[in-house]
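**Q** Quick one: the structure is below, and I'll ask about it shortly.
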Amino acid sequence: MYVNVKWIKRNFAIMNENFFNGCLPTPTFIVDYSSSYLGRCSWERKAAFSRINTYKMCYSIRISNRYSRNEGDFLNTPLHEMIHLYFFSIGKWNVVHGWEFQEMGRRFDKYGFNIQTCSLICTNLHPQIEFNRSKVFCVGTVLNWGVCLALLVVGWAFFSNRDAM
C-alpha cells in the first residue's frame with residue numbers, strides 16, 4: 001500500500017478528534033521515501049515579526065512511502081508521530097520514547113494499534129525498489145559500524161601505548 005498527503009490528513013483529523021479531542025495543532029504533512037525512518041515528527045520555531053518578540057511553532061509529520069506495509073501498519077505511524085506532536089505541543093520537548101511516551105502508546109492497544117518505538121525496516125521494501133539495495137543498505141550499515149568500532153579500538157590502542165614510546 002502507498003500513502004499520500006490526502007490519506008494522512010484524513011486519518012490525522014479522525015485520530016485527532018477521537019483520541020486527542022481535537023487539541024493537536026495541524027502540522028505540515030510530507031510523504032517521502034526515506035530509508036532511515038517510517039515516520040518523523042519535527043518542530044521549528046519561526047519568528048513572527050511584531051513589536052514584541054514572538055514566535056510561531058511550526059510542526060511537520062513525515063511518513064516514508066519506501067516500505068511496503070498494510071493500512072493498519074501505516075496507521076500506527078501517524079498515530080506514533082501524533083504522540084510526539086502531543087508532547088511537543090504541551091512543551092515537553094524531551095519526551096522521546098521514554099516511559100511517558102510508552103504509557104500513552106499502550107493506551108491505543110485496546111483500539112487495535114501497536115505503537116512501537118523502533119522497527120526493523122530493512123526487510124520490507126516496496127516491490128519496485130530493488131531487494132538487493134536493501135541488503136546492501138543493511139550490510140553497509142553494519143559494516144560502517146564495524147569500521148567505526150575498529151577505528152575506535154585502533155585509536156585507543158595508539159593513544160594508550162603512546163606513553164610507552
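Within each chain, counting starts at residue 1; across the C-alpha cells, chains are named A, B, ... in the order shown, with ligands numbered 1 upward in that order.
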Do a neighbour search on A:Tyr59 at 12 Å with only C-alpha atoms, toss out local chain neighbours closer than 6 positions, and write the hits as a list in words.

**A**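 Contacts, with the query itself left out: Leu24, Pro25, Thr26, Pro27, Thr28, Phe29, Ile30, Arg40, Cys41, Ser42, Trp43, Glu44, Arg45, Lys46, Glu81, Met82, His84, Leu85, Tyr86, Phe87, Phe88 and Ser89 of chain A.
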
**Q** Distance atom CA of A:Met15-atom CA of A:Leu75, one decimal place?

**A**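 Spanning atom CA of A:Met15 to atom CA of A:Leu75 is a straight-line distance of 9.6 Å.
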
**Q** Kindly give the distance, in Å, that separates atom CA of A:Val3 and atom CA of A:Tyr67, rounded to a single decimal.

**A** 10.6 Å

**Q** So, counting only C-alpha atoms, which residue among A:Lys110, A:Asn21, A:Gly72, A:Ser60 is closest to A:Lys9?

**A** A:Ser60

**Q** Any chance you could list, as a PyMOL selection string, the residues in stretch 23-117 of chain A that come up strand (DSSP E or B) when DSSP is run on the backbone?

**A** chain A and resi 28-32+39-48+54-64+67

**Q** Please report the interatomic distance between atom CA of A:Val5 and atom CA of A:Phe74 in Å with one decimal.

**A**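 Computing the Euclidean distance for atom CA of A:Val5 and atom CA of A:Phe74 yields 12.7 Å.
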
**Q** I want to know what sits within 9 Å of A:Phe12, based on only C-alpha atoms, with residues of the same chain fewer than 4 positions away left out; could you give that as a list in words?

**A** Trp7, Ile8, Asn16, Glu17, Thr26, Pro78, Leu79 and Met82 of chain A

**Q** Would you output that residue set with C-alpha atoms, as a PDB file, in the first residue's frame?

**A**
```pdb
ATOM      1  CA  TRP A   7      -4.697   9.976   3.209  1.00  0.00           C
ATOM      2  CA  ILE A   8      -2.518  11.248   6.073  1.00  0.00           C
ATOM      3  CA  ASN A  16      -7.013  13.833  16.429  1.00  0.00           C
ATOM      4  CA  GLU A  17     -10.750  14.105  17.062  1.00  0.00           C
ATOM      5  CA  THR A  26      -2.345  20.677  12.419  1.00  0.00           C
ATOM      6  CA  PRO A  78       0.936   8.776  12.063  1.00  0.00           C
ATOM      7  CA  LEU A  79      -0.501   7.888  15.483  1.00  0.00           C
ATOM      8  CA  MET A  82       0.853  12.307  16.871  1.00  0.00           C
TER       9      MET A  82
END
```

**Q** With distances taken over only C-alpha atoms, which of A:Cys23, A:Met104, A:Met1, A:Leu38 is nearest to A:Ile90?

**A**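 When distances to A:Ile90 are compared using only C-alpha atoms, the smallest one comes from A:Cys23.
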